[in-house]
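Coordinates from my_file.tsv are shown below (TSV, C-alpha atoms).
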chain	number	residue	atom	x	y	z
A	70	MET	CA	53.12	-74.43	2.17
A	71	TYR	CA	49.95	-76.18	3.36
A	72	PRO	CA	48.81	-73.41	5.75
A	73	SER	CA	49.53	-70.88	2.99
A	74	THR	CA	47.26	-72.78	0.60
A	75	LEU	CA	44.47	-72.91	3.19
A	76	THR	CA	44.84	-69.20	3.79
A	77	GLN	CA	44.40	-68.48	0.09
A	78	LEU	CA	41.28	-70.61	0.02
A	79	ALA	CA	39.82	-68.80	3.01
A	80	ARG	CA	40.34	-65.48	1.23
A	81	ALA	CA	38.93	-66.63	-2.09
A	82	ASN	CA	35.89	-65.22	-3.93
A	83	PRO	CA	33.49	-64.10	-1.19
A	84	PHE	CA	30.58	-65.83	-2.92
A	85	SER	CA	32.27	-69.22	-3.00
A	86	ALA	CA	32.26	-71.76	-0.17
A	87	PRO	CA	35.51	-72.89	1.45
A	88	LEU	CA	36.91	-76.06	-0.10
A	89	PHE	CA	37.88	-77.55	3.22
A	90	SER	CA	36.16	-78.30	6.51
A	91	LEU	CA	37.31	-77.89	10.07
A	92	GLN	CA	36.63	-80.17	12.95
A	93	LYS	CA	34.65	-78.59	15.74
A	94	VAL	CA	36.84	-77.84	18.73
A	95	GLU	CA	35.13	-77.20	22.04
A	96	GLU	CA	36.78	-74.35	23.90
A	97	PRO	CA	36.06	-73.07	27.40
A	98	GLY	CA	34.06	-69.91	27.88
A	99	PRO	CA	30.89	-68.59	26.23
A	100	ARG	CA	30.39	-69.12	22.51
A	101	ARG	CA	31.02	-65.97	20.50
A	102	ARG	CA	28.47	-64.85	17.96
A	103	LEU	CA	29.11	-63.27	14.58
A	104	ALA	CA	31.74	-60.58	15.07
A	105	ALA	CA	30.88	-59.92	18.72
A	106	ALA	CA	30.07	-61.48	22.04
A	107	ALA	CA	26.66	-60.92	23.59
A	108	ALA	CA	27.98	-58.82	26.45
A	109	VAL	CA	26.84	-55.24	26.85
A	110	ASP	CA	29.70	-52.88	25.95
A	111	GLU	CA	30.07	-49.53	27.65
A	112	GLY	CA	27.71	-47.03	26.04
A	113	ASP	CA	25.37	-49.63	24.53
A	114	SER	CA	21.71	-49.45	25.52
A	115	CYS	CA	21.13	-53.22	25.40
A	116	GLU	CA	22.75	-56.59	24.93
A	117	PHE	CA	23.60	-57.76	21.42
A	118	GLY	CA	20.98	-60.32	20.39
A	119	SER	CA	18.57	-59.41	23.17
A	120	GLN	CA	14.82	-58.96	22.69
A	121	LYS	CA	15.20	-55.17	22.92
A	122	TYR	CA	17.93	-55.31	20.28
A	123	PHE	CA	15.70	-57.19	17.83
A	124	VAL	CA	12.69	-54.92	18.50
A	125	LEU	CA	14.71	-51.76	17.83
A	126	CYS	CA	16.26	-53.31	14.70
A	127	GLY	CA	12.73	-54.01	13.49
A	128	PHE	CA	11.77	-50.41	14.22
A	129	GLY	CA	14.76	-49.28	12.18
A	130	GLY	CA	13.52	-51.45	9.33
A	131	ILE	CA	10.06	-49.85	9.54
A	132	LEU	CA	11.54	-46.36	9.20
A	133	SER	CA	14.06	-47.26	6.49
A	134	CYS	CA	11.67	-49.10	4.17
A	135	GLY	CA	8.37	-47.35	4.94
A	136	THR	CA	9.64	-43.80	4.47
A	137	THR	CA	11.85	-44.40	1.42
A	138	HIS	CA	9.26	-46.35	-0.57
A	139	THR	CA	6.54	-43.83	0.27
A	140	ALA	CA	8.80	-41.01	-0.94
A	141	VAL	CA	8.99	-42.54	-4.45
A	142	VAL	CA	5.26	-43.36	-4.79
A	143	PRO	CA	4.79	-40.93	-7.74
A	144	LEU	CA	7.62	-42.57	-9.67
A	145	ASP	CA	6.38	-46.04	-8.77
A	146	LEU	CA	2.84	-45.14	-9.87
A	147	VAL	CA	4.01	-43.97	-13.29
A	148	LYS	CA	6.26	-47.02	-13.68
A	149	CYS	CA	3.38	-49.40	-12.92
A	150	ARG	CA	1.07	-47.61	-15.35
A	151	MET	CA	3.72	-47.74	-18.09
A	152	GLN	CA	3.95	-51.50	-17.61
A	153	VAL	CA	0.18	-52.00	-17.71
A	154	ASP	CA	-0.68	-49.51	-20.49
A	155	PRO	CA	2.44	-48.62	-22.51
A	156	ALA	CA	0.37	-47.17	-25.33
A	157	LYS	CA	-1.05	-44.48	-23.04
A	158	TYR	CA	1.95	-43.92	-20.79
A	159	LYS	CA	4.79	-43.79	-23.31
A	160	SER	CA	7.61	-42.59	-21.07
A	161	ILE	CA	8.32	-41.42	-17.55
A	162	PHE	CA	7.78	-37.75	-18.40
A	163	ASN	CA	4.72	-38.49	-20.51
A	164	GLY	CA	3.37	-40.67	-17.71
A	165	PHE	CA	3.69	-37.85	-15.20
A	166	SER	CA	2.06	-35.44	-17.61
A	167	VAL	CA	-0.92	-37.69	-18.35
A	168	THR	CA	-1.44	-38.52	-14.68
A	169	VAL	CA	-1.40	-34.86	-13.60
A	170	ARG	CA	-3.71	-33.88	-16.46
A	171	GLU	CA	-6.28	-36.56	-15.58
A	172	ASP	CA	-6.04	-36.73	-11.77
A	173	GLY	CA	-4.25	-33.57	-10.74
A	174	VAL	CA	-1.11	-33.39	-8.66
A	175	ARG	CA	-2.81	-35.35	-5.87
A	176	GLY	CA	-3.20	-38.23	-8.32
A	177	LEU	CA	0.54	-38.84	-8.12
A	178	ALA	CA	0.10	-39.86	-4.49
A	179	LYS	CA	-2.38	-42.66	-5.20
A	180	GLY	CA	-1.40	-45.76	-3.29
A	181	TRP	CA	0.68	-43.99	-0.67
A	182	ALA	CA	-1.18	-45.58	2.27
A	183	PRO	CA	-0.75	-49.25	1.27
A	184	THR	CA	2.81	-48.43	0.24
A	185	PHE	CA	3.68	-46.97	3.65
A	186	ILE	CA	1.94	-49.71	5.63
A	187	GLY	CA	3.10	-52.57	3.40
A	188	TYR	CA	6.74	-51.58	3.17
A	189	SER	CA	6.86	-50.69	6.86
A	190	MET	CA	5.78	-54.26	7.61
A	191	GLN	CA	8.26	-55.56	5.08
A	192	GLY	CA	11.05	-53.50	6.65
A	193	LEU	CA	10.14	-54.76	10.11
A	194	CYS	CA	10.51	-58.37	8.97
A	195	LYS	CA	13.37	-57.83	6.52
A	196	PHE	CA	15.77	-56.13	8.91
A	197	GLY	CA	14.45	-57.53	12.18
A	198	PHE	CA	14.41	-61.17	11.07
A	199	TYR	CA	17.74	-60.75	9.27
A	200	GLU	CA	19.39	-59.94	12.58
A	201	VAL	CA	17.60	-62.92	14.18
A	202	PHE	CA	18.52	-65.43	11.46
A	203	LYS	CA	22.09	-64.16	11.27
A	204	ILE	CA	22.60	-64.98	14.94
A	205	VAL	CA	20.67	-68.28	14.77
A	206	TYR	CA	22.67	-69.54	11.78
A	207	SER	CA	25.91	-68.28	13.30
A	208	ASP	CA	25.23	-70.27	16.48
A	209	LEU	CA	24.50	-73.38	14.40
A	210	LEU	CA	27.76	-73.03	12.44
A	211	GLY	CA	30.05	-72.15	15.32
A	212	GLU	CA	32.61	-69.35	15.44
A	213	GLU	CA	35.13	-70.69	12.93
A	214	ASN	CA	32.69	-71.80	10.26
A	215	THR	CA	30.75	-68.56	10.72
A	216	TYR	CA	33.85	-66.68	9.61
A	217	LEU	CA	34.69	-69.02	6.74
A	218	TRP	CA	31.10	-69.22	5.47
A	219	ARG	CA	30.06	-65.69	6.38
A	220	THR	CA	28.89	-64.75	2.88
A	221	SER	CA	26.73	-67.86	2.70
A	222	LEU	CA	25.40	-66.95	6.15
A	223	TYR	CA	24.44	-63.47	4.93
A	224	LEU	CA	22.71	-64.98	1.90
A	225	ALA	CA	20.79	-67.55	3.94
A	226	ALA	CA	19.78	-65.08	6.68
A	227	SER	CA	18.56	-62.45	4.21
A	228	ALA	CA	16.64	-65.02	2.11
A	229	SER	CA	14.93	-66.36	5.24
A	230	ALA	CA	14.02	-62.86	6.40
A	231	GLU	CA	12.69	-61.79	3.00
A	232	PHE	CA	10.49	-64.89	2.78
A	233	PHE	CA	8.49	-63.66	5.78
A	234	ALA	CA	8.82	-59.99	4.81
A	235	ASP	CA	7.04	-60.61	1.49
A	236	ILE	CA	4.18	-62.41	3.22
A	237	ALA	CA	3.74	-59.27	5.34
A	238	LEU	CA	4.00	-57.02	2.26
A	239	ALA	CA	1.74	-58.96	-0.13
A	240	PRO	CA	-1.73	-57.71	1.01
A	241	MET	CA	-0.80	-54.03	0.85
A	242	GLU	CA	1.13	-54.50	-2.41
A	243	ALA	CA	-1.99	-56.04	-3.97
A	244	CYS	CA	-4.08	-53.04	-2.87
A	245	LYS	CA	-1.46	-50.60	-4.13
A	246	VAL	CA	-1.36	-52.17	-7.58
A	247	ARG	CA	-5.17	-52.13	-7.87
A	248	ILE	CA	-5.37	-48.47	-6.87
A	249	GLN	CA	-2.56	-47.37	-9.17
A	250	THR	CA	-3.27	-49.44	-12.31
A	251	GLN	CA	-7.08	-49.78	-12.42
A	252	PRO	CA	-8.61	-46.29	-12.72
A	253	GLY	CA	-12.02	-46.11	-11.11
A	254	TYR	CA	-11.59	-49.27	-9.04
A	255	ALA	CA	-10.75	-47.47	-5.81
A	256	ASN	CA	-9.00	-44.29	-4.77
A	257	THR	CA	-8.06	-45.15	-1.20
A	258	LEU	CA	-7.02	-48.15	0.86
A	259	ARG	CA	-10.28	-47.97	2.81
A	260	GLN	CA	-12.21	-48.40	-0.43
A	261	CYS	CA	-9.91	-50.96	-2.02
A	262	ALA	CA	-9.33	-53.57	0.69
A	263	PRO	CA	-13.03	-54.29	1.52
A	264	LYS	CA	-13.90	-54.37	-2.19
A	265	MET	CA	-11.14	-56.88	-3.00
A	266	TYR	CA	-12.16	-59.08	-0.08
A	267	ALA	CA	-15.84	-59.00	-1.07
A	268	GLU	CA	-15.06	-59.93	-4.69
A	269	GLU	CA	-12.29	-62.53	-4.29
A	270	GLY	CA	-11.91	-63.36	-0.62
A	271	LEU	CA	-8.66	-63.53	1.34
A	272	TRP	CA	-6.76	-65.05	-1.60
A	273	ALA	CA	-6.98	-61.72	-3.45
A	274	PHE	CA	-4.33	-60.33	-1.12
A	275	TYR	CA	-1.84	-63.19	-1.61
A	276	LYS	CA	-2.08	-63.99	-5.32
A	277	GLY	CA	1.11	-62.03	-5.89
A	278	VAL	CA	3.22	-63.48	-3.09
A	279	VAL	CA	5.06	-66.00	-5.30
A	280	PRO	CA	6.13	-63.36	-7.84
A	281	LEU	CA	7.17	-61.22	-4.88
A	282	TRP	CA	9.37	-64.03	-3.59
A	283	MET	CA	10.90	-64.53	-7.03
A	284	ARG	CA	11.64	-60.82	-7.36
A	285	GLN	CA	12.55	-59.83	-3.84
A	286	ILE	CA	14.45	-62.79	-2.38
A	287	PRO	CA	17.33	-62.81	-4.93
A	288	TYR	CA	17.52	-59.01	-4.77
A	289	THR	CA	17.60	-58.97	-0.97
A	290	MET	CA	20.22	-61.72	-0.85
A	291	MET	CA	22.54	-59.68	-3.07
A	292	LYS	CA	21.67	-56.45	-1.26
A	293	PHE	CA	22.59	-57.74	2.19
A	294	ALA	CA	25.55	-59.91	1.22
A	295	CYS	CA	27.11	-57.19	-0.95
A	296	PHE	CA	26.54	-54.61	1.77
A	297	GLU	CA	28.12	-56.73	4.51
A	298	ARG	CA	31.17	-57.62	2.42
A	299	THR	CA	31.54	-54.08	1.09
A	300	VAL	CA	31.55	-52.66	4.62
A	301	GLU	CA	34.17	-55.23	5.56
A	302	LEU	CA	36.36	-54.29	2.57
A	303	LEU	CA	35.94	-50.54	3.10
A	304	TYR	CA	37.15	-50.77	6.69
A	305	LYS	CA	39.98	-53.06	5.65
A	306	TYR	CA	41.34	-51.22	2.61
A	307	VAL	CA	39.82	-47.69	2.47
A	308	VAL	CA	39.10	-46.35	5.95
A	309	PRO	CA	42.46	-45.54	7.56
A	310	LYS	CA	41.44	-46.61	11.06
A	311	PRO	CA	39.39	-49.35	12.77
A	312	ARG	CA	35.63	-48.81	13.07
A	313	SER	CA	35.91	-48.62	16.85
A	314	GLU	CA	37.99	-45.44	16.39
A	315	CYS	CA	35.65	-43.86	13.82
A	316	SER	CA	33.07	-41.29	14.87
A	317	LYS	CA	29.38	-42.09	14.46
A	318	SER	CA	29.13	-39.74	11.47
A	319	GLU	CA	32.13	-41.41	9.80
A	320	GLN	CA	30.55	-44.82	10.32
A	321	LEU	CA	27.29	-43.61	8.74
A	322	VAL	CA	29.20	-42.34	5.69
A	323	VAL	CA	30.73	-45.79	5.24
A	324	THR	CA	27.23	-47.30	5.58
A	325	PHE	CA	25.81	-45.01	2.87
A	326	VAL	CA	28.71	-45.68	0.47
A	327	ALA	CA	28.48	-49.43	1.02
A	328	GLY	CA	24.73	-49.34	0.42
A	329	TYR	CA	25.27	-47.60	-2.92
A	330	ILE	CA	28.12	-49.85	-4.12
A	331	GLY	CA	26.12	-52.98	-3.20
A	332	VAL	CA	23.63	-52.47	-6.05
A	333	TRP	CA	25.83	-50.90	-8.75
A	334	LYS	CA	24.45	-53.09	-11.53
A	335	GLY	CA	21.97	-52.49	-14.37
A	336	LEU	CA	20.71	-49.48	-16.27
A	337	VAL	CA	21.80	-45.98	-15.29
A	338	ALA	CA	18.30	-44.83	-14.36
A	339	ARG	CA	17.75	-47.90	-12.20
A	340	ILE	CA	21.13	-47.39	-10.57
A	341	ILE	CA	20.20	-43.85	-9.61
A	342	MET	CA	16.78	-44.84	-8.25
A	343	ILE	CA	17.52	-48.18	-6.61
A	344	GLY	CA	21.05	-47.23	-5.57
A	345	THR	CA	19.87	-44.09	-3.81
A	346	LEU	CA	16.88	-45.91	-2.28
A	347	THR	CA	19.05	-48.73	-0.97
A	348	ALA	CA	21.74	-46.41	0.35
A	349	LEU	CA	19.12	-44.33	2.15
A	350	GLN	CA	17.58	-47.45	3.67
A	351	TRP	CA	20.92	-48.57	5.09
A	352	PHE	CA	21.68	-45.03	6.25
A	353	ILE	CA	18.34	-44.70	8.07
A	354	TYR	CA	18.62	-48.20	9.54
A	355	ASP	CA	22.13	-47.57	10.84
A	356	SER	CA	21.11	-44.13	12.12
A	357	VAL	CA	18.43	-45.79	14.25
A	358	LYS	CA	21.08	-48.11	15.66
A	359	VAL	CA	23.27	-45.12	16.46
A	360	TYR	CA	20.42	-43.10	17.99
A	361	PHE	CA	19.29	-45.91	20.29
A	362	ARG	CA	22.90	-46.88	21.06
A	363	LEU	CA	22.48	-50.44	19.83
A	364	PRO	CA	25.51	-52.74	19.76
A	365	ARG	CA	27.22	-52.44	16.37
A	366	PRO	CA	29.83	-55.20	16.11
A	367	PRO	CA	32.99	-54.51	14.10
A	368	PRO	CA	33.56	-56.26	10.75
A	369	PRO	CA	34.25	-60.02	11.07
A	370	GLU	CA	37.78	-61.04	11.95
A	371	MET	CA	39.36	-64.46	11.75
A	372	PRO	CA	39.04	-66.22	15.16
A	373	GLU	CA	42.28	-66.89	17.01
A	374	SER	CA	41.54	-70.62	17.04
A	375	LEU	CA	41.30	-70.61	13.24
A	376	LYS	CA	44.51	-68.61	12.91
A	377	LYS	CA	46.26	-71.31	14.94
A	378	LYS	CA	44.88	-74.07	12.73
A	379	LEU	CA	46.04	-72.23	9.62
A	380	GLY	CA	49.46	-71.58	11.09
A	381	LEU	CA	49.07	-67.82	11.09
A	382	THR	CA	50.07	-67.40	14.74
A	383	GLU	CA	52.76	-68.83	16.92
Structure rendered as structure tokens:
Amino acid sequence: MYPSTLTQLARANPFSAPLFSLQKVEEPGPRRRLAAAAAVDEGDSCEFGSQKYFVLCGFGGILSCGTTHTAVVPLDLVKCRMQVDPAKYKSIFNGFSVTVREDGVRGLAKGWAPTFIGYSMQGLCKFGFYEVFKIVYSDLLGEENTYLWRTSLYLAASASAEFFADIALAPMEACKVRIQTQPGYANTLRQCAPKMYAEEGLWAFYKGVVPLWMRQIPYTMMKFACFERTVELLYKYVVPKPRSECSKSEQLVVTFVAGYIGVWKGLVARIIMIGTLTALQWFIYDSVKVYFRLPRPPPPEMPESLKKKLGLTE
């Protein structure tokens, strides 16, 4: 009865912490990291957790965030103008119409440069540091507690990564907002950045970092934790075979679906925009991992030592 109760607790709500603790047991052999050892598997281009691994993960973040956010610059421009001047920009369609009438079609691209640079830097830190912090926190917890507290680990690693990602994003985000919402202030990044620095100094680029933290950190925590747990559940209950037996294209389909399900909250329009954006980001990021043959550990499984403690094995 007791092991059965512990098992139920371990499988409880993924966003709750386990209600019991385990004593650390030292076992011979190298310590395993989250879902995989650090050894290079056949076909992998580098070791899991190596410097090359982190660099390429960061590169994947640059492509996934930089390209997707730049692609929706026209929509983002109209959204920002609606928030600043709702009397003039009454709706999405009206906002597009007014912008094209006043600035031409090219006016819809205002702010593309700071958007691409800023969100590329954010993606580098968001995805690159997430992989770093996930391994660091996993090593601190140990193999068994990493499994039991894996959702909390995802939340902590993504929050830590986003903290630094927003610092990298803030200067370009400040320039983008000036260009898009203050007509006549500046039309390009080359005009905007020197002007802001001359008028307000370095602080002009970081005045918005706290609101960025308040907006982005909770969102990123949910985005990464929901994605990780959704992937785990899809492979467990939906995909009819283990990930190791799935083709690369099948794995990418699971990634895209999990990215979409992870943000299925809120208004329909926001679901379409943010859901698609998030799914594309995960798809691009995972595609980079596939292309460069990076180690892609399978979903977390309960360690054998923990199974023995819970009485699940002989």
Could you check which of A:Leu146, A:Ala237, A:Ala348, A:Val322 is closest to Gly164 of chain A, using only C-alpha atoms?
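Using only C-alpha atoms, the shortest distance to Gly164 of chain A belongs to A:Leu146.
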Per-axis box centre and lengths in Å around segment 183-202 of chain A, 3 Å margin per side, axis-aligned, as AutoDock Vina command-line options:
--center_x 9.3 --center_y -56.2 --center_z 7.2 --size_x 26.1 --size_y 24.5 --size_z 19.9
Show me, as JSON, numbers by chain, the residues that have an atom within 6 Å of segment 213-224 of chain A when counting all atoms listed in the file, minus same-chain residues fewer than 3 positions from it.
{"A": [207, 210, 227, 290, 294]}
From A:Pro143, A:Leu375, A:Pro367, A:Gly211, residue lying nearest Cys315 of chain A [all atoms listed in the file]
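Of the candidates, the smallest distance to Cys315 of chain A is held by A:Pro367.
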Skipping near chain neighbours, those fewer than 4 positions away, what residues fall within 9 Å of Lys292 of chain A using only C-alpha atoms, listed as a PyMOL selection string?
chain A and resi 227+287-288+296-297+328+331-332+347
Find the residues around Ser160 of chain A up to 9 Å (all atoms listed in the file counted), leave out those fewer than 4 positions away in its own chain, and share them as a list in words.
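That gives Val147, Lys148, Met151, Pro155, Gly164 and Phe165 of chain A.
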Any idea what the distance is between atom CA of Leu381 of chain A and atom CA of Ala225 of chain A?
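Distance between the two atoms: 29.2 Å.
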I'd like to know which of A:Lys276, A:Lys203, A:Arg312, A:Lys179 is closest to Thr257 of chain A, using all atoms listed in the file.
A:Lys179
List the residues sitting within 10 Å of (5.0, -57.1, -1.2) in the file's frame, using all atoms listed in the file, as a PyMOL selection string.
chain A and resi 184+187-188+190-191+231+234-243+245+274-275+277-282+284-285
Pick from A:Gln249, A:Pro183, A:Leu144, A:Phe202, whichever lies nearest to Ala262 of chain A using all atoms listed in the file
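Selected residue with least distance to Ala262 of chain A: A:Pro183.
Of the listed residues A:Gly118, A:Gly129, A:Pro368, A:Gly176, the one whose atoms come nearest to Leu193 of chain A is A:Gly129, with distances taken using only C-alpha atoms.
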Nearest to Glu171 of chain A, chosen from A:Gly380, A:Pro263, A:Pro252, A:Pro309, with all atoms listed in the file counted in the distances
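Checking each candidate against Glu171 of chain A, we get A:Pro252 as the closest.
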With N, CA and C atoms as the target, complete segment 286-318 of chain A and hand it back as a tab-separated table (two decimals), in the frame of the given file.
chain	number	residue	atom	x	y	z
A	286	ILE	N	13.47	-61.98	-3.11
A	286	ILE	CA	14.45	-62.79	-2.38
A	286	ILE	C	15.83	-62.73	-3.02
A	287	PRO	N	15.98	-62.94	-4.34
A	287	PRO	CA	17.33	-62.81	-4.93
A	287	PRO	C	17.91	-61.40	-4.76
A	288	TYR	N	17.06	-60.40	-4.93
A	288	TYR	CA	17.52	-59.01	-4.77
A	288	TYR	C	18.00	-58.75	-3.34
A	289	THR	N	17.23	-59.19	-2.37
A	289	THR	CA	17.60	-58.97	-0.97
A	289	THR	C	18.86	-59.74	-0.60
A	290	MET	N	19.00	-60.94	-1.12
A	290	MET	CA	20.22	-61.72	-0.85
A	290	MET	C	21.46	-60.96	-1.32
A	291	MET	N	21.40	-60.44	-2.55
A	291	MET	CA	22.54	-59.68	-3.07
A	291	MET	C	22.73	-58.37	-2.30
A	292	LYS	N	21.62	-57.73	-1.97
A	292	LYS	CA	21.67	-56.45	-1.26
A	292	LYS	C	22.37	-56.58	0.08
A	293	PHE	N	22.01	-57.59	0.86
A	293	PHE	CA	22.59	-57.74	2.19
A	293	PHE	C	24.01	-58.30	2.13
A	294	ALA	N	24.22	-59.31	1.29
A	294	ALA	CA	25.55	-59.91	1.22
A	294	ALA	C	26.57	-58.92	0.67
A	295	CYS	N	26.20	-58.19	-0.39
A	295	CYS	CA	27.11	-57.19	-0.95
A	295	CYS	C	27.38	-56.08	0.06
A	296	PHE	N	26.35	-55.67	0.77
A	296	PHE	CA	26.54	-54.61	1.77
A	296	PHE	C	27.50	-55.06	2.87
A	297	GLU	N	27.28	-56.24	3.41
A	297	GLU	CA	28.12	-56.73	4.51
A	297	GLU	C	29.58	-56.86	4.07
A	298	ARG	N	29.79	-57.43	2.87
A	298	ARG	CA	31.17	-57.62	2.42
A	298	ARG	C	31.80	-56.29	2.01
A	299	THR	N	31.00	-55.38	1.48
A	299	THR	CA	31.54	-54.08	1.09
A	299	THR	C	31.97	-53.28	2.32
A	300	VAL	N	31.16	-53.32	3.37
A	300	VAL	CA	31.55	-52.66	4.62
A	300	VAL	C	32.86	-53.24	5.13
A	301	GLU	N	32.95	-54.56	5.10
A	301	GLU	CA	34.17	-55.23	5.56
A	301	GLU	C	35.39	-54.77	4.76
A	302	LEU	N	35.25	-54.69	3.42
A	302	LEU	CA	36.36	-54.29	2.57
A	302	LEU	C	36.70	-52.81	2.73
A	303	LEU	N	35.69	-51.97	2.91
A	303	LEU	CA	35.94	-50.54	3.10
A	303	LEU	C	36.76	-50.29	4.36
A	304	TYR	N	36.39	-50.96	5.45
A	304	TYR	CA	37.15	-50.77	6.69
A	304	TYR	C	38.55	-51.38	6.60
A	305	LYS	N	38.68	-52.38	5.76
A	305	LYS	CA	39.98	-53.06	5.65
A	305	LYS	C	40.95	-52.32	4.74
A	306	TYR	N	40.44	-51.77	3.62
A	306	TYR	CA	41.34	-51.22	2.61
A	306	TYR	C	41.18	-49.71	2.38
A	307	VAL	N	40.06	-49.10	2.78
A	307	VAL	CA	39.82	-47.69	2.47
A	307	VAL	C	39.89	-46.81	3.70
A	308	VAL	N	39.12	-47.15	4.72
A	308	VAL	CA	39.10	-46.35	5.95
A	308	VAL	C	40.44	-46.53	6.67
A	309	PRO	N	41.10	-45.43	7.01
A	309	PRO	CA	42.46	-45.54	7.56
A	309	PRO	C	42.54	-45.93	9.03
A	310	LYS	N	41.41	-46.24	9.65
A	310	LYS	CA	41.44	-46.61	11.06
A	310	LYS	C	40.32	-47.60	11.35
A	311	PRO	N	40.43	-48.38	12.43
A	311	PRO	CA	39.39	-49.35	12.77
A	311	PRO	C	38.05	-48.67	13.03
A	312	ARG	N	36.94	-49.41	12.86
A	312	ARG	CA	35.63	-48.81	13.07
A	312	ARG	C	35.44	-48.33	14.50
A	313	SER	N	36.05	-49.02	15.46
A	313	SER	CA	35.91	-48.62	16.85
A	313	SER	C	36.47	-47.22	17.11
A	314	GLU	N	37.38	-46.77	16.23
A	314	GLU	CA	37.99	-45.44	16.39
A	314	GLU	C	37.32	-44.39	15.52
A	315	CYS	N	36.36	-44.81	14.68
A	315	CYS	CA	35.65	-43.86	13.82
A	315	CYS	C	34.51	-43.21	14.59
A	316	SER	N	34.21	-41.96	14.27
A	316	SER	CA	33.07	-41.29	14.87
A	316	SER	C	31.78	-41.87	14.30
A	317	LYS	N	30.66	-41.58	14.94
A	317	LYS	CA	29.38	-42.09	14.46
A	317	LYS	C	29.08	-41.57	13.06
A	318	SER	N	29.39	-40.30	12.80
A	318	SER	CA	29.13	-39.74	11.47
A	318	SER	C	30.00	-40.40	10.41
